[in-house]
Amino acid sequence: MTAAIIDGKVIAAKLRGRVADEVARVRRENGLTPGLAVVLVGSDPASQVYVRSKHKQTQEAGMASFEHVLPADVAQDDLLALIGELNRDPAVHGILVQLPLPKPLHTETIINAIDPAKDVDGLHPNNAGRLAGGFVALSPCTPLGCIILTKSVHASLEGMNAIVIGRSNLVGRPLVQLLLNENATVTIAHSRSRDLPQLCARADLVYAAVGKPEMVRGDWIKPGATVIDVGINRLPGADGKTRLVGDVAFAEALDVAGAITPVPGGVGQMTVACLLVNTLRAACAIHGLPKPRA
């Protein structure tokens with residue numbers, strides 16, 4: 001048996017199309033153009049590429065895109081002042097501060113300064129707490145993408161056994177809450193969990209977000225399980241260049257799983273698309289409009 005490949009590129013493109021349709025409808029019916037502000041501090045090349053991608057896709061979806069690029073040595077008070085301005089700007093419905101931030105900026109202080117209603121990264125304690133309590137909240141984009149990818153294979157996750165390997169605030173913890181909201185039975189594990197292969201072997205859904213290259217082996221996977229690989233790791237290649245691998249040993253898992261996301265081309269494709277979803281949802285919520293159909 002060879003697993004079906006879950007094509008994140010195709011699924012993300014369809015999601016962006018639905019968002020664009022909803023943005024056009026909201027603008028037509030309510031005169032509202034959702035706006036996303038992205039703040040980049042410093043000149044990290046990977047972050048620059050990511051921000052450019054966000055800007056392009058935001059505009060293609062019919063939204064307003066606001067970019068703020070600050071020097072790496074910006075004073076924390078100046079960054080906080082910018083966030084305060086964006087909080088008050090009625091044209092801005094989503095605020096994203098690109099992480100990681102250069103030292104000595106204090107990430108928690110910066111995130112906490114964002115208006116929770118505009119926190120499209122879903123990292124503000126108010127949103128994290130609401131999600132943990134089962135209330136409506138803006139959810140982090142990568143976990144949201146994981147759920148959408150899973151539901152491209154399974155119409156319902158109710159009653160399925162899921163394991164989330166990794167407990168970060170960005171992926172693992174919020175993903176557990178989203179799975180609980182789908183009525184899945186969830187185990188949260190990490191690199192120090194005992195008998196991790198046995199825990200995995202019981203799972204219908206495996207989410208690997210631990211940041212260790214190819215840690216999850218093929219013989220850990222329950223035959224027919226759906227595997228969502230969140231990891232993005234660079235390893236040296238044979239030609240001297242680096243190659244991207246996930247947290248799952250893809251070639252091994254391909255022979256066992258029922259469906260699997262590749263790296264690249266899987267979860268990473270969904271993150272920006274879900275950022276657009278969150279910006280649209282935030283704009284509608286701020287203006288008291290019904291939840292959009294995307």
# chains A, B, ... in the order shown; residues from 1 in each chain; ligands from 1

$ select_by_dssp --residues "stretch 24-241 of chain A" --states "helix (DSSP H, G or I)" --output "JSON, numbers by chain"
{"A": [24, 25, 26, 27, 28, 29, 30, 45, 46, 47, 48, 49, 50, 51, 52, 53, 54, 55, 56, 57, 58, 59, 60, 76, 77, 78, 79, 80, 81, 82, 83, 84, 85, 86, 87, 88, 107, 108, 109, 110, 111, 112, 113, 116, 117, 118, 125, 126, 127, 128, 129, 130, 131, 132, 141, 142, 143, 144, 145, 146, 147, 148, 149, 150, 151, 172, 173, 174, 175, 176, 177, 178, 179, 180, 181, 196, 197, 198, 199, 200, 201, 218, 219, 220]}

$ select_by_dssp --residues "stretch 15-251 of chain A" --states "strand (DSSP E or B)" --output "ChimeraX atom specification"
/A:35-41,64-70,94-97,119,161-165,185-189,205-208,216,226-229,233-236,242-245,248

$ atom_distance --atom1 "atom CA of A:Asn181" --atom2 "atom CA of A:Ser168"
18.5 Å

$ atom_distance --atom1 "atom CA of A:Ala128" --atom2 "atom CA of A:Leu32"
27.1 Å

$ residues_around --residues "A:Ala294" --least-positions-apart "4" --cutoff "7 Å" --atoms "only C-alpha atoms" --output "ChimeraX atom specification"
/A:18-19,22,277

$ residues_around --residues "A:Glu182" --least-positions-apart "6" --cutoff "9 Å" --atoms "only C-alpha atoms" --output "PyMOL selection string"
chain A and resi 147+156-159

$ closest_residue --among "A:Asp219, A:Arg194, A:Leu99, A:Tyr207" --to "A:Gly172" --atoms "only C-alpha atoms"
A:Tyr207

$ residues_around --residues "A:Ile111" --least-positions-apart "5" --cutoff "10 Å" --atoms "only C-alpha atoms" --output "MDAnalysis selection string"
chainID A and resid 80 83 95:97 106 116 119 121:125

$ residues_around --residues "A:Gly268" --least-positions-apart "4" --cutoff "9 Å" --atoms "only C-alpha atoms" --output "VMD selection string"
chain A and resid 8 to 9 142 145 230 to 232 263 to 264 272

$ write_last_selection --atoms "N, CA and C atoms" --output "PDB file, in the first residue's frame"
ATOM      1  N   GLY A   8      -0.893  20.009  -0.247  1.00  0.00           N
ATOM      2  CA  GLY A   8      -1.171  21.268   0.425  1.00  0.00           C
ATOM      3  C   GLY A   8      -1.253  22.439  -0.533  1.00  0.00           C
ATOM      4  N   LYS A   9      -0.501  22.377  -1.626  1.00  0.00           N
ATOM      5  CA  LYS A   9      -0.510  23.481  -2.589  1.00  0.00           C
ATOM      6  C   LYS A   9      -1.894  23.638  -3.220  1.00  0.00           C
ATOM      7  N   THR A 142      -1.054  27.695  11.592  1.00  0.00           N
ATOM      8  CA  THR A 142      -0.557  26.361  11.222  1.00  0.00           C
ATOM      9  C   THR A 142      -1.464  25.250  11.745  1.00  0.00           C
ATOM     10  N   GLY A 145      -4.506  25.103   9.633  1.00  0.00           N
ATOM     11  CA  GLY A 145      -4.195  24.444   8.364  1.00  0.00           C
ATOM     12  C   GLY A 145      -4.138  22.937   8.499  1.00  0.00           C
ATOM     13  N   VAL A 230       4.299  18.578  10.258  1.00  0.00           N
ATOM     14  CA  VAL A 230       4.444  20.026  10.402  1.00  0.00           C
ATOM     15  C   VAL A 230       5.908  20.456  10.330  1.00  0.00           C
ATOM     16  N   GLY A 231       6.813  19.520  10.495  1.00  0.00           N
ATOM     17  CA  GLY A 231       8.235  19.854  10.595  1.00  0.00           C
ATOM     18  C   GLY A 231       8.830  20.390   9.304  1.00  0.00           C
ATOM     19  N   ILE A 232       9.726  21.361   9.444  1.00  0.00           N
ATOM     20  CA  ILE A 232      10.536  21.847   8.325  1.00  0.00           C
ATOM     21  C   ILE A 232      11.976  21.919   8.827  1.00  0.00           C
ATOM     22  N   VAL A 263       6.870  17.205   2.647  1.00  0.00           N
ATOM     23  CA  VAL A 263       7.644  18.385   3.050  1.00  0.00           C
ATOM     24  C   VAL A 263       8.746  18.575   2.018  1.00  0.00           C
ATOM     25  N   PRO A 264       8.743  19.683   1.285  1.00  0.00           N
ATOM     26  CA  PRO A 264       7.753  20.771   1.306  1.00  0.00           C
ATOM     27  C   PRO A 264       6.488  20.390   0.531  1.00  0.00           C
ATOM     28  N   VAL A 272      -0.120  30.593   5.259  1.00  0.00           N
ATOM     29  CA  VAL A 272      -0.503  31.927   4.779  1.00  0.00           C
ATOM     30  C   VAL A 272      -1.980  31.955   4.387  1.00  0.00           C
TER      31      VAL A 272
END

$ residues_around --residues "A:Pro262" --least-positions-apart "2" --cutoff "9 Å" --atoms "only C-alpha atoms" --output "list in words"
Ile5, Ile6, Asp7, Gly8, Ile228, Asp229, Val245, Gly246, Phe250, Ile260, Pro264, Gly265, Gly266 and Val267 of chain A

$ write_last_selection --atoms "all heavy atoms" --output "compact mmCIF listing (two decimals), in the first residue's frame"
# COMPACT_ATOMS: atom_id res chain seq x y z
N ILE A 5 -0.97 11.17 -1.28
CA ILE A 5 -0.28 12.40 -0.94
C ILE A 5 -1.31 13.51 -0.77
O ILE A 5 -2.11 13.77 -1.68
CB ILE A 5 0.74 12.79 -2.02
CG1 ILE A 5 1.75 11.65 -2.26
CG2 ILE A 5 1.47 14.07 -1.63
CD1 ILE A 5 2.59 11.32 -1.05
N ILE A 6 -1.29 14.16 0.38
CA ILE A 6 -2.18 15.29 0.63
C ILE A 6 -1.50 16.54 0.07
O ILE A 6 -0.49 17.01 0.61
CB ILE A 6 -2.45 15.46 2.14
CG1 ILE A 6 -3.05 14.16 2.72
CG2 ILE A 6 -3.39 16.63 2.40
CD1 ILE A 6 -3.16 14.17 4.24
N ASP A 7 -2.02 17.07 -1.00
CA ASP A 7 -1.38 18.16 -1.73
C ASP A 7 -1.76 19.51 -1.12
O ASP A 7 -2.80 20.08 -1.42
CB ASP A 7 -1.78 18.12 -3.21
CG ASP A 7 -0.93 19.03 -4.09
OD1 ASP A 7 -0.41 20.03 -3.55
OD2 ASP A 7 -0.78 18.75 -5.29
N GLY A 8 -0.89 20.01 -0.25
CA GLY A 8 -1.17 21.27 0.43
C GLY A 8 -1.25 22.44 -0.53
O GLY A 8 -2.00 23.39 -0.30
N ILE A 228 0.13 14.02 9.30
CA ILE A 228 0.31 15.43 8.99
C ILE A 228 1.65 15.86 9.56
O ILE A 228 1.84 15.88 10.78
CB ILE A 228 -0.83 16.29 9.58
CG1 ILE A 228 -2.20 15.75 9.16
CG2 ILE A 228 -0.64 17.75 9.17
CD1 ILE A 228 -2.52 15.84 7.69
N ASP A 229 2.60 16.17 8.68
CA ASP A 229 3.97 16.48 9.07
C ASP A 229 4.17 18.00 9.06
O ASP A 229 4.22 18.63 8.01
CB ASP A 229 4.94 15.80 8.09
CG ASP A 229 6.39 15.85 8.57
OD1 ASP A 229 6.67 16.57 9.54
OD2 ASP A 229 7.22 15.15 7.95
N VAL A 245 13.45 18.39 4.98
CA VAL A 245 12.77 17.17 5.42
C VAL A 245 11.83 17.54 6.56
O VAL A 245 12.00 18.57 7.23
CB VAL A 245 13.75 16.07 5.89
CG1 VAL A 245 14.70 15.67 4.77
CG2 VAL A 245 14.53 16.51 7.12
N GLY A 246 10.85 16.70 6.80
CA GLY A 246 9.92 16.92 7.89
C GLY A 246 10.35 16.22 9.16
O GLY A 246 11.50 15.77 9.30
N PHE A 250 9.63 10.26 5.65
CA PHE A 250 8.58 10.23 4.63
C PHE A 250 8.56 8.93 3.83
O PHE A 250 7.51 8.30 3.65
CB PHE A 250 8.74 11.44 3.70
CG PHE A 250 7.69 11.54 2.63
CD1 PHE A 250 6.44 12.06 2.91
CD2 PHE A 250 7.96 11.10 1.34
CE1 PHE A 250 5.47 12.16 1.93
CE2 PHE A 250 6.99 11.19 0.35
CZ PHE A 250 5.74 11.72 0.64
N ILE A 260 -0.67 11.15 3.63
CA ILE A 260 0.44 11.84 4.27
C ILE A 260 0.73 13.16 3.56
O ILE A 260 0.54 13.27 2.35
CB ILE A 260 1.71 10.94 4.28
CG1 ILE A 260 2.84 11.56 5.12
CG2 ILE A 260 2.18 10.62 2.86
CD1 ILE A 260 4.02 10.61 5.36
N PRO A 264 8.74 19.68 1.28
CA PRO A 264 7.75 20.77 1.31
C PRO A 264 6.49 20.39 0.53
O PRO A 264 6.42 19.31 -0.04
CB PRO A 264 8.50 21.91 0.61
CG PRO A 264 9.43 21.23 -0.33
CD PRO A 264 9.85 19.95 0.34
N GLY A 265 5.53 21.29 0.51
CA GLY A 265 4.31 21.08 -0.28
C GLY A 265 3.11 20.62 0.52
O GLY A 265 2.09 20.25 -0.06
N GLY A 266 3.24 20.65 1.84
CA GLY A 266 2.14 20.19 2.68
C GLY A 266 1.61 21.30 3.58
O GLY A 266 0.99 22.25 3.11
N VAL A 267 1.92 21.19 4.87
CA VAL A 267 1.39 22.13 5.86
C VAL A 267 1.84 23.56 5.59
O VAL A 267 1.06 24.51 5.76
CB VAL A 267 1.80 21.69 7.28
CG1 VAL A 267 1.38 22.72 8.32
CG2 VAL A 267 1.21 20.33 7.62

$ closest_residue --among "A:Leu105, A:Met63, A:His93, A:His154" --to "A:Gln76" --atoms "only C-alpha atoms"
A:Leu105

$ closest_residue --among "A:Ile114, A:Leu149, A:Ala203, A:Thr185" --to "A:Val10" --atoms "only C-alpha atoms"
A:Leu149

$ closest_residue --among "A:Gly134, A:Gly129, A:Gly94, A:Gly258" --to "A:Asn169" --atoms "only C-alpha atoms"
A:Gly129

$ atom_distance --atom1 "atom CA of A:Thr271" --atom2 "atom CA of A:Asn87"
22.8 Å

$ closest_residue --among "A:Gln98, A:Thr279, A:Asn161, A:Thr2" --to "A:Ala257" --atoms "only C-alpha atoms"
A:Thr2

$ closest_residue --among "A:Ala20, A:Ile11, A:Ala3, A:Val248" --to "A:Ala61" --atoms "only C-alpha atoms"
A:Ala20
